[in-house]
file work_39.txt (compact mmCIF, C-alpha atoms)
# COMPACT_ATOMS: atom_id res chain seq x y z
CA MET A 1 11.64 13.55 -3.55
CA ASN A 2 14.56 15.98 -3.31
CA ALA A 3 14.69 19.39 -4.97
CA LEU A 4 16.77 18.21 -7.95
CA ALA A 5 14.51 15.23 -8.74
CA ALA A 6 11.40 17.42 -8.45
CA THR A 7 12.83 20.16 -10.68
CA ASN A 8 13.95 17.62 -13.28
CA ARG A 9 10.51 16.03 -13.19
CA ASN A 10 8.76 19.37 -13.74
CA PHE A 11 11.19 20.16 -16.55
CA ARG A 12 10.52 16.82 -18.26
CA LEU A 13 6.74 17.25 -18.00
CA ALA A 14 7.06 20.73 -19.50
CA ALA A 15 9.30 19.43 -22.29
CA ARG A 16 6.67 16.76 -23.10
CA LEU A 17 3.87 19.34 -23.22
CA LEU A 18 5.97 21.52 -25.53
CA GLY A 19 7.01 18.57 -27.70
CA LEU A 20 10.71 19.45 -27.41
CA ASP A 21 13.28 17.54 -29.43
CA SER A 22 14.81 14.88 -27.14
CA LYS A 23 18.39 16.00 -27.88
CA LEU A 24 17.51 19.61 -27.06
CA GLU A 25 15.74 18.48 -23.90
CA LYS A 26 18.85 16.63 -22.78
CA SER A 27 21.19 19.54 -23.55
CA LEU A 28 19.00 22.01 -21.62
CA LEU A 29 19.39 19.97 -18.41
CA ILE A 30 23.20 19.83 -18.52
CA PRO A 31 24.86 22.70 -16.60
CA PHE A 32 27.17 24.98 -18.58
CA ARG A 33 29.93 24.88 -15.95
CA GLU A 34 30.51 23.63 -12.41
CA ILE A 35 33.23 25.31 -10.37
CA LYS A 36 34.68 23.91 -7.14
CA VAL A 37 37.36 25.70 -5.13
CA GLU A 38 39.15 25.20 -1.81
CA CYS A 39 39.14 28.35 0.31
CA THR A 40 41.83 28.25 3.00
CA ILE A 41 41.88 31.10 5.52
CA PRO A 42 43.64 31.83 8.81
CA LYS A 43 41.12 31.92 11.67
CA ASP A 44 41.32 34.68 14.29
CA ASP A 45 43.30 32.35 16.57
CA GLY A 46 45.92 31.80 13.86
CA THR A 47 44.96 28.23 12.89
CA LEU A 48 44.32 27.44 9.23
CA VAL A 49 40.94 26.19 8.11
CA SER A 50 39.69 25.17 4.68
CA TYR A 51 36.19 25.38 3.21
CA VAL A 52 34.83 24.13 -0.10
CA GLY A 53 33.22 26.78 -2.26
CA PHE A 54 31.43 26.24 -5.54
CA ARG A 55 29.41 27.86 -8.27
CA ILE A 56 27.16 26.07 -10.71
CA GLN A 57 26.46 28.00 -13.90
CA HIS A 58 23.52 26.34 -15.57
CA ASP A 59 22.60 28.19 -18.75
CA ASN A 60 23.47 31.44 -20.53
CA ALA A 61 21.36 31.27 -23.69
CA ARG A 62 19.23 34.28 -22.69
CA GLY A 63 21.93 36.37 -21.01
CA PRO A 64 24.45 36.41 -18.14
CA MET A 65 23.87 33.81 -15.44
CA LYS A 66 22.29 34.98 -12.22
CA GLY A 67 21.80 33.43 -8.79
CA GLY A 68 22.55 33.55 -5.10
CA ILE A 69 25.56 32.55 -3.03
CA ARG A 70 24.71 30.75 0.22
CA TYR A 71 26.87 30.14 3.28
CA HIS A 72 25.45 27.05 4.91
CA PRO A 73 26.95 23.92 6.52
CA GLU A 74 24.94 21.58 4.28
CA VAL A 75 25.66 23.06 0.89
CA ASP A 76 24.77 19.99 -1.14
CA PRO A 77 25.93 19.98 -4.81
CA ASP A 78 22.68 18.30 -5.90
CA GLU A 79 20.55 20.97 -4.32
CA VAL A 80 22.68 23.80 -5.70
CA ASN A 81 22.39 22.17 -9.13
CA ALA A 82 18.59 22.16 -8.81
CA LEU A 83 18.53 25.78 -7.65
CA ALA A 84 20.78 26.88 -10.53
CA GLN A 85 18.45 25.17 -12.98
CA LEU A 86 15.43 26.71 -11.25
CA MET A 87 16.99 30.17 -11.74
CA THR A 88 17.21 29.50 -15.50
CA TRP A 89 13.45 28.88 -15.68
CA LYS A 90 12.62 31.63 -13.15
CA THR A 91 14.43 34.38 -15.06
CA ALA A 92 12.75 33.18 -18.26
CA VAL A 93 9.29 33.23 -16.65
CA ALA A 94 9.90 36.78 -15.40
CA ASP A 95 11.16 37.66 -18.90
CA ILE A 96 14.42 39.16 -17.69
CA PRO A 97 17.56 38.63 -19.84
CA TYR A 98 19.43 36.19 -17.61
CA GLY A 99 20.26 32.53 -17.28
CA GLY A 100 20.57 30.58 -14.03
CA ALA A 101 23.40 29.99 -11.57
CA LYS A 102 23.80 29.22 -7.87
CA GLY A 103 26.72 28.84 -5.52
CA GLY A 104 27.87 28.64 -1.97
CA ILE A 105 30.45 27.80 0.63
CA GLY A 106 30.02 24.86 3.01
CA CYS A 107 30.44 26.69 6.31
CA ASN A 108 28.33 27.77 9.26
CA PRO A 109 28.39 31.59 9.18
CA ARG A 110 27.26 31.71 12.83
CA ASP A 111 30.52 30.03 13.86
CA LEU A 112 32.69 32.59 12.04
CA SER A 113 33.63 36.09 13.19
CA ARG A 114 33.00 39.07 10.93
CA SER A 115 36.69 39.25 9.96
CA GLU A 116 36.79 35.49 9.22
CA LEU A 117 33.71 35.84 7.00
CA GLU A 118 35.37 38.74 5.19
CA ARG A 119 38.57 36.74 4.59
CA LEU A 120 36.58 33.73 3.41
CA THR A 121 34.50 35.83 1.01
CA ARG A 122 37.60 37.52 -0.42
CA VAL A 123 39.46 34.24 -0.95
CA PHE A 124 36.38 32.75 -2.65
CA THR A 125 36.15 35.82 -4.91
CA GLN A 126 39.87 35.61 -5.79
CA LYS A 127 39.35 32.03 -6.92
CA ILE A 128 36.28 32.68 -9.11
CA HIS A 129 36.80 36.31 -10.23
CA ASP A 130 37.65 35.34 -13.81
CA LEU A 131 34.54 33.14 -14.07
CA ILE A 132 31.99 35.75 -12.89
CA GLY A 133 31.40 39.21 -14.34
CA ILE A 134 28.86 41.84 -15.39
CA HIS A 135 28.09 40.02 -18.65
CA THR A 136 29.01 36.49 -17.50
CA ASP A 137 27.59 35.64 -14.09
CA VAL A 138 26.16 38.05 -11.51
CA PRO A 139 25.94 36.68 -7.93
CA ALA A 140 23.47 37.84 -5.26
CA PRO A 141 22.83 37.14 -1.55
CA ASP A 142 21.12 33.93 -0.40
CA MET A 143 20.87 31.99 2.88
CA GLY A 144 23.62 33.10 5.28
CA THR A 145 24.84 35.99 3.09
CA ASN A 146 23.72 39.61 2.88
CA ALA A 147 24.49 43.06 1.44
CA GLN A 148 27.80 43.16 3.34
CA THR A 149 28.92 39.89 1.70
CA MET A 150 28.16 41.45 -1.70
CA ALA A 151 30.17 44.57 -0.77
CA TRP A 152 33.24 42.38 -0.06
CA ILE A 153 32.82 40.48 -3.34
CA LEU A 154 32.48 43.78 -5.23
CA ASP A 155 35.60 45.21 -3.59
CA GLU A 156 37.71 42.11 -4.21
CA TYR A 157 36.47 41.75 -7.81
CA SER A 158 37.19 45.45 -8.49
CA LYS A 159 40.85 44.95 -7.50
CA PHE A 160 41.19 42.72 -10.57
CA HIS A 161 38.74 44.36 -12.99
CA GLY A 162 38.36 48.02 -11.97
CA HIS A 163 35.21 49.52 -10.40
CA SER A 164 32.35 47.16 -11.38
CA PRO A 165 29.22 47.74 -9.27
CA ALA A 166 27.12 45.57 -11.63
CA VAL A 167 29.08 42.38 -10.83
CA VAL A 168 26.80 41.59 -7.87
CA THR A 169 23.28 42.64 -6.87
CA GLY A 170 21.74 42.99 -3.43
CA LYS A 171 24.50 45.48 -2.52
CA PRO A 172 24.25 48.17 0.17
CA ILE A 173 22.54 51.33 -1.21
CA ASP A 174 25.79 53.31 -0.66
CA LEU A 175 27.64 51.05 -3.10
CA GLY A 176 25.06 51.09 -5.90
CA GLY A 177 22.35 48.89 -4.43
CA SER A 178 18.81 49.59 -5.59
CA LEU A 179 16.06 51.15 -3.52
CA GLY A 180 13.26 48.63 -3.00
CA ARG A 181 15.58 45.59 -3.26
CA GLU A 182 15.21 44.69 0.43
CA ALA A 183 11.41 44.36 0.14
CA ALA A 184 11.41 43.06 -3.45
CA THR A 185 10.70 39.34 -2.98
CA GLY A 186 7.95 39.98 -0.42
CA ARG A 187 6.44 42.75 -2.55
CA GLY A 188 6.57 40.51 -5.63
CA VAL A 189 4.74 37.80 -3.66
CA VAL A 190 1.98 40.33 -2.89
CA TYR A 191 1.71 41.48 -6.52
CA ALA A 192 1.54 37.82 -7.59
CA THR A 193 -1.18 37.14 -5.00
CA GLU A 194 -3.20 40.13 -6.23
CA ALA A 195 -2.94 38.93 -9.84
CA LEU A 196 -4.11 35.42 -8.88
CA LEU A 197 -6.99 36.56 -6.66
CA ALA A 198 -8.18 39.00 -9.35
CA GLU A 199 -8.68 35.98 -11.67
CA TYR A 200 -11.23 34.70 -9.14
CA GLY A 201 -12.88 38.09 -8.62
CA LYS A 202 -11.31 38.45 -5.17
CA SER A 203 -8.84 40.86 -3.61
CA ILE A 204 -6.47 40.81 -0.62
CA GLU A 205 -8.83 42.91 1.50
CA GLY A 206 -10.81 40.79 3.95
CA MET A 207 -9.14 37.47 3.04
CA ALA A 208 -7.56 35.35 5.81
CA PHE A 209 -3.83 34.65 5.37
CA VAL A 210 -1.37 32.30 7.08
CA ILE A 211 2.33 33.06 6.72
CA GLN A 212 4.85 30.32 7.47
CA GLY A 213 8.32 31.82 7.87
CA PHE A 214 8.87 35.37 9.11
CA GLY A 215 12.31 36.23 7.73
CA ASN A 216 12.88 38.85 5.05
CA VAL A 217 10.24 37.54 2.62
CA GLY A 218 7.59 36.59 5.17
CA SER A 219 7.79 39.80 7.16
CA TRP A 220 7.62 42.06 4.09
CA ALA A 221 4.75 40.05 2.58
CA ALA A 222 2.91 40.20 5.93
CA SER A 223 3.39 43.98 6.27
CA LEU A 224 2.15 44.68 2.74
CA ILE A 225 -0.83 42.32 3.03
CA HIS A 226 -1.73 43.96 6.36
CA GLU A 227 -1.49 47.40 4.68
CA LYS A 228 -3.85 46.27 1.93
CA GLY A 229 -6.47 45.13 4.43
CA GLY A 230 -5.71 41.40 4.44
CA LYS A 231 -6.24 39.57 7.74
CA ILE A 232 -3.22 37.58 8.89
CA VAL A 233 -4.56 34.90 11.24
CA ALA A 234 -1.35 32.93 11.92
CA VAL A 235 2.41 33.43 11.57
CA SER A 236 5.34 31.16 12.38
CA ASP A 237 9.13 31.14 12.27
CA ILE A 238 11.90 29.02 13.84
CA THR A 239 11.18 30.51 17.29
CA GLY A 240 7.52 29.46 17.35
CA ALA A 241 4.06 30.32 16.05
CA ILE A 242 1.13 32.57 16.99
CA LYS A 243 -2.48 32.85 15.90
CA ASN A 244 -5.29 35.37 16.22
CA PRO A 245 -8.60 34.71 14.42
CA ASN A 246 -9.30 38.46 14.33
CA GLY A 247 -6.00 39.20 12.59
CA ILE A 248 -2.52 39.80 14.00
CA ASP A 249 -1.30 43.41 14.30
CA ILE A 250 1.74 43.04 12.02
CA PRO A 251 3.46 46.41 12.73
CA GLN A 252 3.33 45.56 16.47
CA LEU A 253 4.59 42.02 15.81
CA LEU A 254 7.53 43.40 13.81
CA LYS A 255 8.43 45.75 16.68
CA HIS A 256 8.17 42.82 19.11
CA LYS A 257 10.38 40.59 16.95
CA GLU A 258 12.92 43.41 16.54
CA ALA A 259 13.06 43.82 20.34
CA THR A 260 12.95 40.20 21.54
CA GLY A 261 14.01 38.14 18.52
CA ASP A 262 11.07 35.75 18.81
CA LEU A 263 7.36 35.50 17.99
CA LYS A 264 5.81 33.25 20.60
CA SER A 265 5.95 35.74 23.50
CA PHE A 266 3.90 38.30 21.49
CA ILE A 267 0.81 39.33 23.47
CA GLY A 268 -1.32 40.14 20.39
CA GLY A 269 -1.91 36.46 19.65
CA ASP A 270 -2.04 32.97 21.17
CA SER A 271 0.88 30.60 20.96
CA MET A 272 0.34 27.53 18.73
CA ASP A 273 2.25 24.48 17.51
CA ALA A 274 4.42 25.57 14.58
CA ASN A 275 3.56 22.36 12.68
CA GLU A 276 -0.13 23.26 12.82
CA VAL A 277 0.39 26.52 10.93
CA LEU A 278 0.35 24.89 7.50
CA VAL A 279 -3.02 23.25 8.16
CA HIS A 280 -4.55 26.24 9.96
CA GLU A 281 -7.96 27.55 8.83
CA CYS A 282 -7.40 30.29 6.17
CA ASP A 283 -8.09 31.38 2.58
CA VAL A 284 -4.49 31.86 1.48
CA LEU A 285 -1.40 30.00 2.75
CA ILE A 286 2.01 31.51 2.04
CA PRO A 287 5.01 29.27 2.86
CA CYS A 288 8.06 31.60 3.02
CA ALA A 289 10.65 29.36 4.64
CA LEU A 290 12.22 26.04 3.65
CA GLY A 291 11.56 23.58 0.85
CA GLY A 292 9.50 20.40 1.22
CA VAL A 293 7.20 21.64 4.02
CA LEU A 294 4.03 20.48 2.27
CA ASN A 295 4.27 16.71 1.79
CA ARG A 296 2.06 13.62 1.71
CA GLU A 297 1.83 13.65 5.54
CA ASN A 298 0.08 17.02 5.84
CA ALA A 299 -1.24 17.91 2.35
CA ALA A 300 -4.66 16.31 2.88
CA ASP A 301 -5.24 18.50 5.96
CA VAL A 302 -4.47 21.85 4.29
CA LYS A 303 -7.53 24.11 4.59
CA ALA A 304 -6.36 26.99 2.39
CA LYS A 305 -7.97 27.50 -1.03
CA PHE A 306 -4.87 29.20 -2.44
CA ILE A 307 -1.18 28.48 -1.81
CA ILE A 308 1.40 31.09 -2.82
CA GLU A 309 4.88 29.52 -2.94
CA ALA A 310 7.11 32.29 -1.60
CA ALA A 311 9.75 29.70 -0.58
CA ASN A 312 11.68 27.64 -3.11
CA HIS A 313 10.11 24.20 -3.62
CA PRO A 314 7.83 24.19 -0.53
CA THR A 315 5.40 21.65 -2.06
CA ASP A 316 6.77 18.25 -2.96
CA PRO A 317 5.25 16.51 -6.02
CA GLU A 318 3.16 14.06 -3.95
CA ALA A 319 1.59 16.95 -2.03
CA ASP A 320 1.07 18.74 -5.33
CA GLU A 321 -1.14 15.90 -6.56
CA ILE A 322 -3.13 15.61 -3.32
CA LEU A 323 -3.75 19.38 -3.26
CA SER A 324 -4.71 19.57 -6.94
CA LYS A 325 -7.30 16.80 -6.42
CA LYS A 326 -8.74 18.85 -3.55
CA GLY A 327 -9.03 21.83 -5.89
CA VAL A 328 -6.41 23.95 -4.11
CA ILE A 329 -4.87 26.55 -6.44
CA ILE A 330 -1.06 26.66 -6.16
CA LEU A 331 0.90 29.64 -7.47
CA PRO A 332 4.34 28.12 -8.22
CA ASP A 333 7.62 29.33 -6.72
CA ILE A 334 9.32 30.03 -10.06
CA TYR A 335 6.78 32.81 -10.54
CA ALA A 336 5.63 33.74 -7.03
CA ASN A 337 9.06 34.56 -5.62
CA ALA A 338 10.58 36.08 -8.78
CA GLY A 339 10.28 39.63 -7.34
CA GLY A 340 13.77 39.39 -5.86
CA VAL A 341 15.58 38.51 -9.08
CA THR A 342 13.46 41.03 -11.01
CA VAL A 343 14.59 43.91 -8.79
CA SER A 344 18.14 42.50 -8.92
CA TYR A 345 17.84 42.96 -12.68
CA PHE A 346 16.72 46.57 -12.11
CA GLU A 347 19.77 47.08 -9.85
CA TRP A 348 22.10 45.70 -12.55
CA VAL A 349 20.48 47.92 -15.21
CA GLN A 350 20.89 51.00 -12.98
CA ASN A 351 24.56 50.15 -12.33
CA ILE A 352 25.31 49.66 -16.04
CA GLN A 353 23.62 52.94 -16.94
CA GLY A 354 25.13 54.74 -13.97
CA PHE A 355 21.70 56.21 -13.31
CA MET A 356 19.67 55.31 -10.23
CA TRP A 357 15.87 55.14 -9.96
CA ASP A 358 13.62 56.28 -7.13
CA GLU A 359 11.76 53.63 -5.15
CA GLU A 360 8.43 54.47 -6.76
CA LYS A 361 9.82 53.60 -10.19
CA VAL A 362 11.32 50.34 -8.91
CA ASN A 363 7.96 49.23 -7.44
CA LYS A 364 6.00 50.34 -10.50
CA GLU A 365 8.28 48.38 -12.86
CA LEU A 366 8.15 45.34 -10.54
CA LYS A 367 4.36 45.37 -10.63
CA LYS A 368 4.45 45.59 -14.44
CA TYR A 369 6.77 42.57 -14.72
CA MET A 370 4.83 40.48 -12.16
CA SER A 371 1.42 41.09 -13.76
CA GLY A 372 2.82 40.59 -17.27
CA ALA A 373 4.33 37.24 -16.27
CA PHE A 374 1.04 36.13 -14.69
CA HIS A 375 -0.89 36.77 -17.91
CA ASN A 376 1.74 34.91 -19.94
CA ILE A 377 1.46 31.94 -17.54
CA LYS A 378 -2.35 31.95 -17.86
CA ASN A 379 -2.00 31.88 -21.66
CA MET A 380 0.27 28.84 -21.43
CA CYS A 381 -2.25 27.16 -19.08
CA GLN A 382 -4.97 27.65 -21.68
CA THR A 383 -2.78 26.51 -24.58
CA HIS A 384 -1.65 23.31 -22.86
CA ASP A 385 -4.64 22.80 -20.55
CA CYS A 386 -2.42 22.48 -17.48
CA SER A 387 -1.87 23.67 -13.90
CA LEU A 388 -0.27 27.01 -13.03
CA ARG A 389 2.97 25.18 -12.18
CA MET A 390 3.12 23.59 -15.61
CA GLY A 391 2.02 26.87 -17.20
CA ALA A 392 5.02 28.58 -15.59
CA PHE A 393 7.44 25.76 -16.45
CA THR A 394 6.30 25.55 -20.09
CA LEU A 395 6.62 29.34 -20.38
CA GLY A 396 10.15 29.35 -18.94
CA VAL A 397 11.42 26.24 -20.70
CA ASN A 398 9.96 27.36 -24.04
CA ARG A 399 11.74 30.73 -23.86
CA VAL A 400 15.09 29.11 -23.07
CA ALA A 401 14.58 26.44 -25.77
CA ARG A 402 13.76 29.11 -28.37
CA ALA A 403 16.84 31.18 -27.47
CA THR A 404 19.01 28.05 -27.57
CA THR A 405 17.66 27.01 -30.99
CA LEU A 406 18.06 30.49 -32.45
CA ARG A 407 21.70 30.58 -31.31
CA GLY A 408 22.35 27.27 -33.07
CA TRP A 409 23.11 24.76 -30.36
CA GLU A 410 23.89 21.79 -32.66
CA ALA A 411 26.84 23.42 -34.41
call {"tool": "encode", "arguments": {"input": "work_39.txt", "output": "structure tokens"}}
result
Amino acid sequence: MNALAATNRNFRLAARLLGLDSKLEKSLLIPFREIKVECTIPKDDGTLVSYVGFRIQHDNARGPMKGGIRYHPEVDPDEVNALAQLMTWKTAVADIPYGGAKGGIGCNPRDLSRSELERLTRVFTQKIHDLIGIHTDVPAPDMGTNAQTMAWILDEYSKFHGHSPAVVTGKPIDLGGSLGREAATGRGVVYATEALLAEYGKSIEGMAFVIQGFGNVGSWAASLIHEKGGKIVAVSDITGAIKNPNGIDIPQLLKHKEATGDLKSFIGGDSMDANEVLVHECDVLIPCALGGVLNRENAADVKAKFIIEAANHPTDPEADEILSKKGVIILPDIYANAGGVTVSYFEWVQNIQGFMWDEEKVNKELKKYMSGAFHNIKNMCQTHDCSLRMGAFTLGVNRVARATTLRGWEA
């Protein structure tokens, strides 16, 4: 089942549990606006090349729309649609005043030079500048984009609208980015894990963790878990996988990855098959990479007692059922990885106020939002007698439905 079908299914189940009006249910699924633009740029060799860029703005009942921009060769409209919708529920679960959006350009950023990427980003911004904005739609980085991409969007947008640092988040610190944003998703994952384990009278210290995916989110989550005394017994990324039953020395692994660019040659652990990582012996499994990694093929072999979905949509619905029957507790993505968008919200707030926070304040506020959201999800689970995933979906969908009804959507 693809991401869109799975998201729609979760939405429908949540709508049933909440007893939503069928007309309201239908209107909540329909995106507010879909934008498609052709971005033609001269390449460095003088030839012209054209890329398709788009932005899907799903819902703005609770505030400006918010979501990443990805540069990826397979930017599939269906997937972007699902991710935009997911952002609507995610921002509602985190209780931040945004709706959902997502966008991208169908290109391979590795094949483009820095100056080609800059031209492409600026042309894309020129074509959508009147459809994004501080109180309309606030983009952020995603796969294949970074703080530099946001700096170019900010600069191009400001040519039309005057200095507007709040138009994008995930900016470089020197241009109004927030301290703590880089680590935010990984840190949020750790706060979410702590909240879940506390429910079961456990803490991170002494538990065995497996981390699949060692990019921004995975490496920050690993570092913070290591700091808190958690034992990381296996780690993988696209270059390979390593294991060490006594716990991997994460600071050393980070240095090694920085120096060599891969994991498997690290001497502080034994190489292992990357596909085995998900079914490795551990207490807590944290998938931090791509969607759909837990499926009906491998779900029955998962040995973890807890799964923290740091990636978007890592567990497909069939795996979800198999794991639930086994009694595995799954902390859903729309809550577990909401740390990134929460600190993006803090960045936006700081830009609008023109007053920046220190990192301690950012982390303290993030912890407050993450633990608050967890307790709200637990309350929904008790009210509707449902899983954490449905608790999170009912919480998010209910907030958006209430805002929509109060605004008067039938008029």
call {"tool": "residues_around", "arguments": {"input": "work_39.txt", "residues": "region 297-302 of chain A", "least_positions_apart": "5", "cutoff": "7 Å", "atoms": "only C-alpha atoms", "output": "PDB file with C-alpha atoms, in the coordinates of the input"}}
result
ATOM      1  CA  LEU A 278       0.350  24.890   7.500  1.00  0.00           C
ATOM      2  CA  VAL A 279      -3.020  23.250   8.160  1.00  0.00           C
ATOM      3  CA  ALA A 319       1.590  16.950  -2.030  1.00  0.00           C
ATOM      4  CA  ILE A 322      -3.130  15.610  -3.320  1.00  0.00           C
ATOM      5  CA  LEU A 323      -3.750  19.380  -3.260  1.00  0.00           C
TER       6      LEU A 323
END
call {"tool": "residues_around", "arguments": {"input": "work_39.txt", "residues": "Glu360 (chain A)", "least_positions_apart": "3", "cutoff": "12 Å", "atoms": "all atoms listed in the file", "output": "list in words"}}
result
Ser178, Leu179, Gly180, Arg181, Met356, Trp357, Asn363, Lys364, Glu365, Leu366 and Lys367 of chain A
call {"tool": "atom_distance", "arguments": {"input": "work_39.txt", "atom1": "CA of Ile30 (chain A)", "atom2": "CA of Thr405 (chain A)"}}
result
15.4 Å
call {"tool": "residues_around", "arguments": {"input": "work_39.txt", "residues": "region 91-93 of chain A", "least_positions_apart": "2", "cutoff": "9 Å", "atoms": "only C-alpha atoms", "output": "PyMOL selection string"}}
result
chain A and resi 62+66+86-89+95-100+334-335+338+341-342+373-374+376-377+392-400
call {"tool": "residues_around", "arguments": {"input": "work_39.txt", "residues": "region 331-333 of chain A", "least_positions_apart": "6", "cutoff": "6 Å", "atoms": "only C-alpha atoms", "output": "list in words"}}
result
Ile308, Glu309, Ala310, Asn312 and Arg389 of chain A
call {"tool": "residues_around", "arguments": {"input": "work_39.txt", "residues": "Ile69 (chain A)", "least_positions_apart": "6", "cutoff": "12 Å", "atoms": "all atoms listed in the file", "output": "mmCIF file with C-alpha atoms, keeping the file's coordinate frame"}}
result
data_model
loop_
_atom_site.group_PDB
_atom_site.id
_atom_site.type_symbol
_atom_site.label_atom_id
_atom_site.label_comp_id
_atom_site.auth_asym_id
_atom_site.auth_seq_id
_atom_site.Cartn_x
_atom_site.Cartn_y
_atom_site.Cartn_z
ATOM 1 C CA GLY A 53 33.220 26.780 -2.260
ATOM 2 C CA PHE A 54 31.430 26.240 -5.540
ATOM 3 C CA ARG A 55 29.410 27.860 -8.270
ATOM 4 C CA ILE A 56 27.160 26.070 -10.710
ATOM 5 C CA GLN A 57 26.460 28.000 -13.900
ATOM 6 C CA VAL A 75 25.660 23.060 0.890
ATOM 7 C CA VAL A 80 22.680 23.800 -5.700
ATOM 8 C CA LEU A 83 18.530 25.780 -7.650
ATOM 9 C CA ALA A 84 20.780 26.880 -10.530
ATOM 10 C CA ALA A 101 23.400 29.990 -11.570
ATOM 11 C CA LYS A 102 23.800 29.220 -7.870
ATOM 12 C CA GLY A 103 26.720 28.840 -5.520
ATOM 13 C CA GLY A 104 27.870 28.640 -1.970
ATOM 14 C CA ILE A 105 30.450 27.800 0.630
ATOM 15 C CA GLY A 106 30.020 24.860 3.010
ATOM 16 C CA THR A 121 34.500 35.830 1.010
ATOM 17 C CA PHE A 124 36.380 32.750 -2.650
ATOM 18 C CA THR A 125 36.150 35.820 -4.910
ATOM 19 C CA ASP A 137 27.590 35.640 -14.090
ATOM 20 C CA VAL A 138 26.160 38.050 -11.510
ATOM 21 C CA PRO A 139 25.940 36.680 -7.930
ATOM 22 C CA ALA A 140 23.470 37.840 -5.260
ATOM 23 C CA PRO A 141 22.830 37.140 -1.550
ATOM 24 C CA ASP A 142 21.120 33.930 -0.400
ATOM 25 C CA MET A 143 20.870 31.990 2.880
ATOM 26 C CA GLY A 144 23.620 33.100 5.280
ATOM 27 C CA THR A 145 24.840 35.990 3.090
ATOM 28 C CA ASN A 146 23.720 39.610 2.880
ATOM 29 C CA ALA A 147 24.490 43.060 1.440
ATOM 30 C CA THR A 149 28.920 39.890 1.700
ATOM 31 C CA MET A 150 28.160 41.450 -1.700
ATOM 32 C CA ILE A 153 32.820 40.480 -3.340
ATOM 33 C CA VAL A 168 26.800 41.590 -7.870
ATOM 34 C CA THR A 169 23.280 42.640 -6.870
ATOM 35 C CA GLY A 170 21.740 42.990 -3.430
#
call {"tool": "closest_residue", "arguments": {"input": "work_39.txt", "among": "A:Arg16, A:Arg119, A:Lys368, A:Lys159", "to": "Tyr51 (chain A)", "atoms": "all atoms listed in the file"}}
result
A:Arg119
call {"tool": "closest_residue", "arguments": {"input": "work_39.txt", "among": "A:Ala3, A:Ile242, A:Ala15, A:Ala151", "to": "Gly391 (chain A)", "atoms": "all atoms listed in the file"}}
result
A:Ala15
call {"tool": "axis_aligned_box", "arguments": {"input": "work_39.txt", "around": "region 371-374 of chain A", "padding_each_side": "5 Å", "output": "JSON"}}
result
{"center_x": 2.7, "center_y": 38.6, "center_z": -15.5, "size_x": 13.3, "size_y": 15.0, "size_z": 13.5}
call {"tool": "closest_residue", "arguments": {"input": "work_39.txt", "among": "A:Gly261, A:Gly229, A:Gly188, A:Pro287", "to": "Val210 (chain A)", "atoms": "all atoms listed in the file"}}
result
A:Pro287
call {"tool": "closest_residue", "arguments": {"input": "work_39.txt", "among": "A:Met65, A:Leu117, A:Ile173, A:Val328", "to": "Ile307 (chain A)", "atoms": "all atoms listed in the file"}}
result
A:Val328
call {"tool": "closest_residue", "arguments": {"input": "work_39.txt", "among": "A:Met207, A:Val233, A:Ala94, A:Leu20", "to": "Gly268 (chain A)", "atoms": "only C-alpha atoms"}}
result
A:Val233
call {"tool": "closest_residue", "arguments": {"input": "work_39.txt", "among": "A:Met272, A:Cys386, A:Met380, A:Ile225", "to": "Gly206 (chain A)", "atoms": "only C-alpha atoms"}}
result
A:Ile225
call {"tool": "residues_near_point", "arguments": {"input": "work_39.txt", "point": "(2.8, 33.9, 19.3)", "cutoff": "10 Å", "atoms": "only C-alpha atoms", "output": "list in words"}}
result
Ala234, Val235, Ser236, Asp237, Thr239, Gly240, Ala241, Ile242, Lys243, Asn244, Ile248, Leu253, Asp262, Leu263, Lys264, Ser265, Phe266, Ile267, Gly268, Gly269, Asp270, Ser271, Met272, Asp273 and Ala274 of chain A
call {"tool": "write_last_selection", "arguments": {"input": "work_39.txt", "atoms": "C-alpha atoms", "output": "short mmCIF file (atom, residue, chain, number, x, y, z; two decimals), in the frame of the given file"}}
result
data_model
loop_
_atom_site.label_atom_id
_atom_site.label_comp_id
_atom_site.auth_asym_id
_atom_site.auth_seq_id
_atom_site.Cartn_x
_atom_site.Cartn_y
_atom_site.Cartn_z
CA ALA A 234 -1.35 32.93 11.92
CA VAL A 235 2.41 33.43 11.57
CA SER A 236 5.34 31.16 12.38
CA ASP A 237 9.13 31.14 12.27
CA THR A 239 11.18 30.51 17.29
CA GLY A 240 7.52 29.46 17.35
CA ALA A 241 4.06 30.32 16.05
CA ILE A 242 1.13 32.57 16.99
CA LYS A 243 -2.48 32.85 15.90
CA ASN A 244 -5.29 35.37 16.22
CA ILE A 248 -2.52 39.80 14.00
CA LEU A 253 4.59 42.02 15.81
CA ASP A 262 11.07 35.75 18.81
CA LEU A 263 7.36 35.50 17.99
CA LYS A 264 5.81 33.25 20.60
CA SER A 265 5.95 35.74 23.50
CA PHE A 266 3.90 38.30 21.49
CA ILE A 267 0.81 39.33 23.47
CA GLY A 268 -1.32 40.14 20.39
CA GLY A 269 -1.91 36.46 19.65
CA ASP A 270 -2.04 32.97 21.17
CA SER A 271 0.88 30.60 20.96
CA MET A 272 0.34 27.53 18.73
CA ASP A 273 2.25 24.48 17.51
CA ALA A 274 4.42 25.57 14.58
#
call {"tool": "atom_distance", "arguments": {"input": "work_39.txt", "atom1": "CA of Gln212 (chain A)", "atom2": "CA of Pro77 (chain A)"}}
result
26.5 Å
call {"tool": "atom_distance", "arguments": {"input": "work_39.txt", "atom1": "CA of Leu175 (chain A)", "atom2": "CA of Gly215 (chain A)"}}
result
23.9 Å
